[in-house]
There are 2 protein chains.
Amino acid sequence: MVQASGPRVTVKSDPPLFGPRFNSELQQLFRWRRDVRRFRCDPVPEEALMELLEAAHTAPSVGNSQPWRIIRVADLANREAVASHVDRCNADAAHKYEGAEQEEYRKLKLHGLREAPVQLAFYCDRAPDAGRGLGRQTMAQTLEWSVVMAIHSLWLAARARGLGLGWVSILDPATLDKLFEVPSDWGLVGYICLGYPMEAEDQPELEKLKWQQRLPLSDILFQK
Amino acid sequence: MVQASGPRVTVKSDPPLFGPRFNSELQQLFRWRRDVRRFRCDPVPEEALMELLEAAHTAPSVGNSQPWRIIRVADLANREAVASHVDRCNADAAHKYEGAEQEEYRKLKLHGLREAPVQLAFYCDRAPDAGRGLGRQTMAQTLEWSVVMAIHSLWLAARARGLGLGWVSILDPATLDKLFEVPSDWGLVGYICLGYPMEAEDQPELEKLKWQQRLPLSDILFQK
């Protein structure tokens, strides 16, 4: 039996109207999103993780190039290699500071690589077919920036589900490229820890520990 | 009369619990966020704009460095200079394509610079005092990436209020640096158009016009 044919009608859903209640909760979401370094060990349900990856995949991208390539790092030897590498980079970074400031730096917990149940390496394909080069001839970095927005989408979606995300940047991308044997066109953007946080916080850890306070809006806003 | 004094008590608010309804609306927000190039001319209420800028200012930043510097471009001569510059860059970009593809490219409307009531240049201060260098010794681009997340926060907050945002990247940053006389440490990340969109859409314009389709999740997900 063939389907009755006729003009194909696409029924578009009505655009959503986001009301004051959603807007107020969205503001809360921005305010309570944190870079998490203290994770509980409970696993992240597989279904939730897939929804988060779908959220990442809705991010804006230059020319609709969708250049994010996500490696789920499950192998325990790979995870330990990343954690040891970051510990070494962090020890090196401490030497940038002197005296009391170095001591203060060393006390900071800057990653949860040994606890976070889910770990994702976000790469950028710097030569994607998708998008046909549109929009990035004068600013090639817009490809990497698209991947940053994919991470940020996942970050917000995670927090909305009570999950926490930590972005680890104290590492040498070349070491991870080699470990994961990525194609030469790929560039690392972020190594991401994901899991349930030990606690919820509305204040950045570096603010709480007096490393860096919030700037007033007037410091960052100009007019021309 | 002086206020009655006593121990200053900081009452911390309870962490918000984002329920299924919020999560479902957040998913809708990701799905209906668009890069907007067709704006109505209605002004954006000043109060809404300030709330959006506050949303941008809650974005994650490496070492809490808050490196975003936002120039509100209000001067009409400056706006016209940007629009003419982008038109020239876009005409150059068209030459990358040949024949039918060039024709297809030329038909795309890639910016709303002559209609958008609010225009913002997002810069990155590449040598901010804030953050004391933490987290960016091995990956200096994390500063610019923080600014990208500020733009993305504003983007989502705008859409939640029925506003649309368009990110213009077909331009030479040096031209805008000169126009706005920015400090030498500042680097342009995005030139942003903001206003009420002509229509709401859940499909990217470049997808609708068959420039680039959405990739399946399996194309971007790997395991190691």
# chains A, B, ... in the order shown; residues from 1 in each chain; ligands from 1

$ calpha_fit_rmsd --fixed "chain A" --moving "chain B"
0.7 Å

$ residues_around --residues "Arg214 in chain A" --least-positions-apart "3" --cutoff "8 Å" --atoms "only C-alpha atoms" --output "PDB file with N, CA and C atoms, in the first residue's frame"
ATOM      1  N   GLU A 207      36.180  33.968  43.678  1.00  0.00           N
ATOM      2  CA  GLU A 207      35.699  35.173  44.371  1.00  0.00           C
ATOM      3  C   GLU A 207      35.631  34.879  45.872  1.00  0.00           C
TER       4      GLU A 207
ATOM      5  N   ASN B  64      38.383  33.946  36.523  1.00  0.00           N
ATOM      6  CA  ASN B  64      37.465  35.046  36.861  1.00  0.00           C
ATOM      7  C   ASN B  64      37.997  36.394  36.355  1.00  0.00           C
ATOM      8  N   GLN B  66      37.056  38.148  33.716  1.00  0.00           N
ATOM      9  CA  GLN B  66      36.019  39.038  33.196  1.00  0.00           C
ATOM     10  C   GLN B  66      36.567  39.986  32.110  1.00  0.00           C
TER      11      GLN B  66
END

$ interface_residues --of "chain A" --to "chain B" --cutoff "7 Å" --atoms "only C-alpha atoms" --output "number ranges by chain"
A: 15, 18, 22-23, 30-31, 55, 58, 64, 68-75, 93, 130-131, 135-139, 145, 148-149, 152, 160-161, 169-172, 180, 200, 206, 212, 220-224

$ write_last_selection --atoms "C-alpha atoms" --output "PDB file, in the first residue's frame"
ATOM      1  CA  PRO A  15       7.170  30.041  18.446  1.00  0.00           C
ATOM      2  CA  PHE A  18       9.149  32.748  27.201  1.00  0.00           C
ATOM      3  CA  PHE A  22      11.196  31.505  32.704  1.00  0.00           C
ATOM      4  CA  ASN A  23      13.222  34.693  32.368  1.00  0.00           C
ATOM      5  CA  PHE A  30      23.334  32.229  34.883  1.00  0.00           C
ATOM      6  CA  ARG A  31      23.916  33.235  38.498  1.00  0.00           C
ATOM      7  CA  ALA A  55      22.036  20.734  23.749  1.00  0.00           C
ATOM      8  CA  THR A  58      22.251  23.189  19.017  1.00  0.00           C
ATOM      9  CA  ASN A  64      26.328  26.551  10.341  1.00  0.00           C
ATOM     10  CA  TRP A  68      32.561  20.646  17.407  1.00  0.00           C
ATOM     11  CA  ARG A  69      34.038  17.149  17.685  1.00  0.00           C
ATOM     12  CA  ILE A  70      33.485  15.584  21.091  1.00  0.00           C
ATOM     13  CA  ILE A  71      35.580  12.731  22.451  1.00  0.00           C
ATOM     14  CA  ARG A  72      34.112  10.955  25.423  1.00  0.00           C
ATOM     15  CA  VAL A  73      37.125   9.888  27.442  1.00  0.00           C
ATOM     16  CA  ALA A  74      36.134   6.619  29.091  1.00  0.00           C
ATOM     17  CA  ASP A  75      39.385   4.645  29.110  1.00  0.00           C
ATOM     18  CA  ALA A  93      52.007  27.357  36.545  1.00  0.00           C
ATOM     19  CA  ALA A 130      29.974  21.936   6.630  1.00  0.00           C
ATOM     20  CA  GLY A 131      29.329  25.653   6.193  1.00  0.00           C
ATOM     21  CA  GLY A 135      31.464  33.817   7.553  1.00  0.00           C
ATOM     22  CA  ARG A 136      35.007  32.928   8.536  1.00  0.00           C
ATOM     23  CA  GLN A 137      37.210  34.303   5.791  1.00  0.00           C
ATOM     24  CA  THR A 138      38.271  37.358   7.788  1.00  0.00           C
ATOM     25  CA  MET A 139      38.018  35.864  11.301  1.00  0.00           C
ATOM     26  CA  TRP A 145      34.426  30.194  19.050  1.00  0.00           C
ATOM     27  CA  VAL A 148      33.161  27.425  22.905  1.00  0.00           C
ATOM     28  CA  MET A 149      29.415  28.087  22.581  1.00  0.00           C
ATOM     29  CA  HIS A 152      28.679  26.789  27.159  1.00  0.00           C
ATOM     30  CA  ALA A 160      19.685  23.127  34.912  1.00  0.00           C
ATOM     31  CA  ARG A 161      19.696  19.370  35.635  1.00  0.00           C
ATOM     32  CA  SER A 169      42.579  24.692  30.656  1.00  0.00           C
ATOM     33  CA  ILE A 170      45.884  24.183  32.483  1.00  0.00           C
ATOM     34  CA  LEU A 171      47.275  21.705  29.959  1.00  0.00           C
ATOM     35  CA  ASP A 172      49.293  21.461  26.782  1.00  0.00           C
ATOM     36  CA  PHE A 180      43.758  10.756  21.568  1.00  0.00           C
ATOM     37  CA  ALA A 200      25.616  24.366  44.850  1.00  0.00           C
ATOM     38  CA  LEU A 206      37.880  32.352  43.017  1.00  0.00           C
ATOM     39  CA  GLN A 212      39.417  37.814  42.182  1.00  0.00           C
ATOM     40  CA  ILE A 220      33.427  46.993  31.172  1.00  0.00           C
ATOM     41  CA  LEU A 221      30.854  49.186  29.400  1.00  0.00           C
ATOM     42  CA  PHE A 222      31.770  51.980  26.958  1.00  0.00           C
ATOM     43  CA  GLN A 223      30.055  54.053  24.278  1.00  0.00           C
ATOM     44  CA  LYS A 224      31.148  55.261  20.851  1.00  0.00           C
TER      45      LYS A 224
END

$ atom_distance --atom1 "CA of Gly195 in chain B" --atom2 "CA of Glu47 in chain B"
13.6 Å

$ atom_distance --atom1 "CA of Cys41 in chain B" --atom2 "CA of Gly112 in chain B"
10.5 Å

$ select_by_dssp --residues "chain A" --states "alpha helix (DSSP H)" --output "VMD selection string"
chain A and resid 20 to 32 46 to 56 76 to 94 99 to 107 142 to 160 173 to 180 205 to 208

$ select_by_dssp --residues "range 21-220 of chain A" --states "strand (DSSP E)" --output "list in words"
Trp68, Arg69, Ile70, Ile71, Arg72, Val118, Gln119, Leu120, Ala121, Phe122, Tyr123, Cys124, Asp125, Gly164, Leu165, Gly166, Trp167, Val168, Trp186, Gly187, Leu188, Val189, Gly190, Tyr191, Ile192, Cys193, Leu194 and Gly195 of chain A
